[in-house]
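Novice: Got a structure for you, written out below as structure tokens; questions coming shortly.
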Amino acid sequence: MAVNNQKIFILAWLQRLLGFIAAHKYWVALAALCLAVRVLAPTTFWVSAVAFFLYLLMYPFMEYLYTKIHSRRLAAFLSIVLLTAMLIFVIALFVPALIMQTLELLKNSQNINAQISTLTIELQNKFQQFQELLPAQVQSSIHENISQYLVLWSNSILSFFKDIVNSLSRTITSVLQFLVAYVLLIYMLF
């Protein structure tokens, strides 16, 4: 008896689900399309999402301009010009500072490396003087631990610079994706 009730419940639930899908087929298709694009082409999904978000931001302004000048193409053009001016203003504020910081980091990385080398040599010399006072077994244990620490430390420095290069690569990719989204926005507004 309980099995039949479960089957009836499942069938009723499926009937309601299919009724909902039939009543809202365009929204369900849009959701399925977004999910498929998200799974199969995540970059395309994010580019489209950014373009759609910008479209939602710019559309009210474009409609306002349309009520004033009665030309949809001119309103779209002026909206794009305004958005472009705002983007140029933001880029003019942040990009020079970002470039200066990156150049300073690259310039100072050699100085940092030289200072680290100097401090390491100095530490080695002082440790050798201290090590002569310790028993041989303690000396070998300390030497092994310091060697392991130096290997880990050099790996972390290399990882840090790899992370910087990866961050720059991701930034450039994001900028290119934003440009594609911007072109898609222009298409959507016109």
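Quick note on naming: the chains in the structure tokens go A, B, ... in the order shown, residues restart at 1 in each chain, and ligands are numbered from 1 in order of appearance.
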What are the closest atom pairs, with distances in Å to one decimal, for all residues of region 75-164 of chain A lying within 9 Å of region 182-187 of chain A? Consider only C-alpha atoms, order rows by chain and residue number, and present the result as CSV.

Specialist:
```
residue,atom,partner,partner_atom,distance
A:Ala76,CA,A:Ile186,CA,8.0
A:Phe77,CA,A:Ile186,CA,8.4
A:Ile80,CA,A:Ile186,CA,7.0
```

Novice: When you look at Leu87 (chain A) with a cut-off of 12 Å (counting only C-alpha atoms), what residues show up, excluding the ones that are within fewer than 5 positions of it in the same chain? I need them as JSON, numbers by chain.

Specialist: {"A": [54, 80, 81, 82, 92, 93, 94, 95, 178, 179, 182]}

Novice: Between region 147-187 of chain A and region 31-49 of chain A, at 7 Å or less, what are the per-residue closest atom pairs and their distances in Å? Count only C-alpha atoms, order by chain and rising residue number, and return it as CSV.

Specialist:
```
residue,atom,partner,partner_atom,distance
A:Gln177,CA,A:Val47,CA,6.1
A:Phe178,CA,A:Val47,CA,6.7
A:Val180,CA,A:Val47,CA,6.9
A:Ala181,CA,A:Val47,CA,5.1
```

Novice: Let me see the file: selected residues, N, CA and C atoms, as a PDB file, in the first residue's frame.

Specialist:
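File selection03.pdb, as written:
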```
ATOM      1  N   GLN A 177      37.982  39.604 -21.861  1.00  0.00           N
ATOM      2  CA  GLN A 177      36.606  39.143 -21.750  1.00  0.00           C
ATOM      3  C   GLN A 177      35.650  40.317 -21.561  1.00  0.00           C
ATOM      4  N   PHE A 178      36.069  41.320 -20.787  1.00  0.00           N
ATOM      5  CA  PHE A 178      35.229  42.498 -20.595  1.00  0.00           C
ATOM      6  C   PHE A 178      35.048  43.247 -21.910  1.00  0.00           C
ATOM      7  N   VAL A 180      34.986  41.934 -24.874  1.00  0.00           N
ATOM      8  CA  VAL A 180      34.013  41.153 -25.646  1.00  0.00           C
ATOM      9  C   VAL A 180      32.598  41.420 -25.110  1.00  0.00           C
ATOM     10  N   ALA A 181      32.459  41.482 -23.784  1.00  0.00           N
ATOM     11  CA  ALA A 181      31.156  41.789 -23.190  1.00  0.00           C
ATOM     12  C   ALA A 181      30.701  43.189 -23.590  1.00  0.00           C
TER      13      ALA A 181
END
```

Novice: Counting only C-alpha atoms, which residues in region 68-105 of chain A sit no more than 12 Å from region 163-172 of chain A? For each one, give the nearest pair of atoms and the distance in Å, sorted by chain then residue number, as JSON lines.

Specialist:
```
{"residue": "A:Val95", "atom": "CA", "partner": "A:Thr171", "partner_atom": "CA", "distance": 11.8}
{"residue": "A:Leu98", "atom": "CA", "partner": "A:Leu168", "partner_atom": "CA", "distance": 11.1}
{"residue": "A:Ile99", "atom": "CA", "partner": "A:Leu168", "partner_atom": "CA", "distance": 11.1}
{"residue": "A:Thr102", "atom": "CA", "partner": "A:Ile164", "partner_atom": "CA", "distance": 9.6}
{"residue": "A:Leu105", "atom": "CA", "partner": "A:Ile164", "partner_atom": "CA", "distance": 10.2}
```

Novice: Figure out the distance between CA of Ser156 (chain A) and CA of Val138 (chain A), please, to one decimal in Å.

Specialist: 26.8 Å

Novice: Report the distance between CA of Ile116 (chain A) and CA of Leu150 (chain A) in Å, rounded to one decimal place.

Specialist: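 It comes out at 11.5 Å.
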
Novice: So that I can see what lies close to region 122-129 of chain A, please list as a PyMOL selection string the residues with an atom at most 12 Å from it, counting only C-alpha atoms and leaving out residues fewer than 2 positions away in the same chain.

Specialist: chain A and resi 115-120+131-134+139-140+142-143+146-147+150

Novice: Could those selected residues go to a file with all heavy atoms, as a short mmCIF file (atom, residue, chain, number, x, y, z; two decimals), in the first residue's frame?

Specialist:
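Saved file again.cif follows:
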```cif
data_model
loop_
_atom_site.label_atom_id
_atom_site.label_comp_id
_atom_site.auth_asym_id
_atom_site.auth_seq_id
_atom_site.Cartn_x
_atom_site.Cartn_y
_atom_site.Cartn_z
N GLN A 115 69.11 41.45 -0.74
CA GLN A 115 69.07 41.58 0.71
C GLN A 115 68.87 40.22 1.38
O GLN A 115 69.49 39.93 2.40
CB GLN A 115 67.95 42.54 1.13
CG GLN A 115 68.24 43.98 0.84
CD GLN A 115 67.07 44.89 1.20
OE1 GLN A 115 65.99 44.42 1.52
NE2 GLN A 115 67.31 46.19 1.14
N ILE A 116 68.02 39.41 0.78
CA ILE A 116 67.79 38.07 1.34
C ILE A 116 69.08 37.25 1.26
O ILE A 116 69.44 36.55 2.21
CB ILE A 116 66.63 37.37 0.61
CG1 ILE A 116 65.31 38.04 0.97
CG2 ILE A 116 66.58 35.88 0.93
CD1 ILE A 116 64.12 37.55 0.18
N SER A 117 69.79 37.34 0.15
CA SER A 117 71.05 36.61 0.01
C SER A 117 72.06 37.09 1.04
O SER A 117 72.75 36.28 1.68
CB SER A 117 71.62 36.78 -1.40
OG SER A 117 70.75 36.23 -2.34
N THR A 118 72.18 38.39 1.22
CA THR A 118 73.11 38.95 2.20
C THR A 118 72.76 38.49 3.61
O THR A 118 73.64 38.08 4.38
CB THR A 118 73.09 40.49 2.13
OG1 THR A 118 73.40 40.88 0.80
CG2 THR A 118 74.10 41.10 3.08
N LEU A 119 71.48 38.56 3.96
CA LEU A 119 71.06 38.12 5.29
C LEU A 119 71.28 36.63 5.49
O LEU A 119 71.66 36.20 6.58
CB LEU A 119 69.59 38.47 5.51
CG LEU A 119 69.26 39.95 5.69
CD1 LEU A 119 67.76 40.15 5.75
CD2 LEU A 119 69.91 40.48 6.96
N THR A 120 71.07 35.85 4.44
CA THR A 120 71.29 34.41 4.54
C THR A 120 72.76 34.09 4.78
O THR A 120 73.09 33.25 5.63
CB THR A 120 70.78 33.71 3.26
OG1 THR A 120 69.43 34.05 3.04
CG2 THR A 120 70.92 32.21 3.37
N GLN A 131 77.54 27.11 16.01
CA GLN A 131 77.48 25.66 15.84
C GLN A 131 78.72 24.98 16.39
O GLN A 131 78.66 23.85 16.86
CB GLN A 131 77.30 25.34 14.34
CG GLN A 131 76.92 23.92 14.06
CD GLN A 131 76.68 23.70 12.57
OE1 GLN A 131 77.07 24.51 11.75
NE2 GLN A 131 76.04 22.60 12.25
N GLU A 132 79.85 25.66 16.34
CA GLU A 132 81.09 25.07 16.84
C GLU A 132 81.02 24.80 18.34
O GLU A 132 81.74 23.94 18.85
CB GLU A 132 82.26 26.00 16.54
CG GLU A 132 82.54 26.11 15.06
CD GLU A 132 83.55 27.21 14.73
OE1 GLU A 132 83.99 27.91 15.65
OE2 GLU A 132 83.87 27.33 13.55
N LEU A 133 80.15 25.47 19.05
CA LEU A 133 80.01 25.29 20.50
C LEU A 133 79.10 24.11 20.86
O LEU A 133 79.11 23.65 21.99
CB LEU A 133 79.45 26.57 21.14
CG LEU A 133 80.25 27.84 20.91
CD1 LEU A 133 79.49 29.04 21.46
CD2 LEU A 133 81.62 27.73 21.55
N LEU A 134 78.33 23.60 19.88
CA LEU A 134 77.36 22.53 20.15
C LEU A 134 77.96 21.16 19.87
O LEU A 134 78.90 21.01 19.08
CB LEU A 134 76.12 22.74 19.28
CG LEU A 134 75.35 24.04 19.50
CD1 LEU A 134 74.26 24.17 18.46
CD2 LEU A 134 74.76 24.07 20.90
N GLN A 139 74.48 19.48 16.06
CA GLN A 139 74.86 20.22 14.86
C GLN A 139 74.23 19.61 13.61
O GLN A 139 73.68 20.33 12.77
CB GLN A 139 76.39 20.23 14.70
CG GLN A 139 77.11 21.09 15.69
CD GLN A 139 78.62 21.02 15.49
OE1 GLN A 139 79.11 20.41 14.54
NE2 GLN A 139 79.35 21.66 16.39
N SER A 140 74.27 18.30 13.48
CA SER A 140 73.71 17.65 12.29
C SER A 140 72.19 17.82 12.25
O SER A 140 71.60 18.04 11.20
CB SER A 140 74.10 16.18 12.22
OG SER A 140 73.52 15.47 13.30
N ILE A 142 70.40 20.29 13.59
CA ILE A 142 70.13 21.69 13.25
C ILE A 142 70.40 21.94 11.77
O ILE A 142 69.63 22.60 11.09
CB ILE A 142 70.95 22.63 14.15
CG1 ILE A 142 70.42 22.57 15.58
CG2 ILE A 142 70.88 24.06 13.62
CD1 ILE A 142 71.26 23.35 16.56
N HIS A 143 71.48 21.37 11.26
CA HIS A 143 71.82 21.55 9.85
C HIS A 143 70.73 20.98 8.95
O HIS A 143 70.34 21.61 7.95
CB HIS A 143 73.17 20.90 9.56
CG HIS A 143 73.63 21.08 8.15
ND1 HIS A 143 73.97 22.31 7.64
CD2 HIS A 143 73.76 20.19 7.13
CE1 HIS A 143 74.31 22.17 6.37
NE2 HIS A 143 74.19 20.89 6.04
N ILE A 146 67.62 23.31 9.12
CA ILE A 146 67.84 24.56 8.39
C ILE A 146 67.82 24.31 6.89
O ILE A 146 67.26 25.10 6.13
CB ILE A 146 69.15 25.23 8.84
CG1 ILE A 146 68.97 25.79 10.25
CG2 ILE A 146 69.57 26.33 7.88
CD1 ILE A 146 70.19 26.42 10.84
N SER A 147 68.39 23.21 6.44
CA SER A 147 68.37 22.89 5.01
C SER A 147 66.93 22.70 4.52
O SER A 147 66.56 23.21 3.45
CB SER A 147 69.17 21.62 4.74
OG SER A 147 70.52 21.81 5.05
N LEU A 150 65.29 26.16 4.35
CA LEU A 150 65.74 26.95 3.21
C LEU A 150 65.11 26.46 1.90
O LEU A 150 64.76 27.26 1.03
CB LEU A 150 67.27 26.94 3.11
CG LEU A 150 68.00 27.75 4.18
CD1 LEU A 150 69.51 27.57 4.06
CD2 LEU A 150 67.64 29.22 4.10
#
```
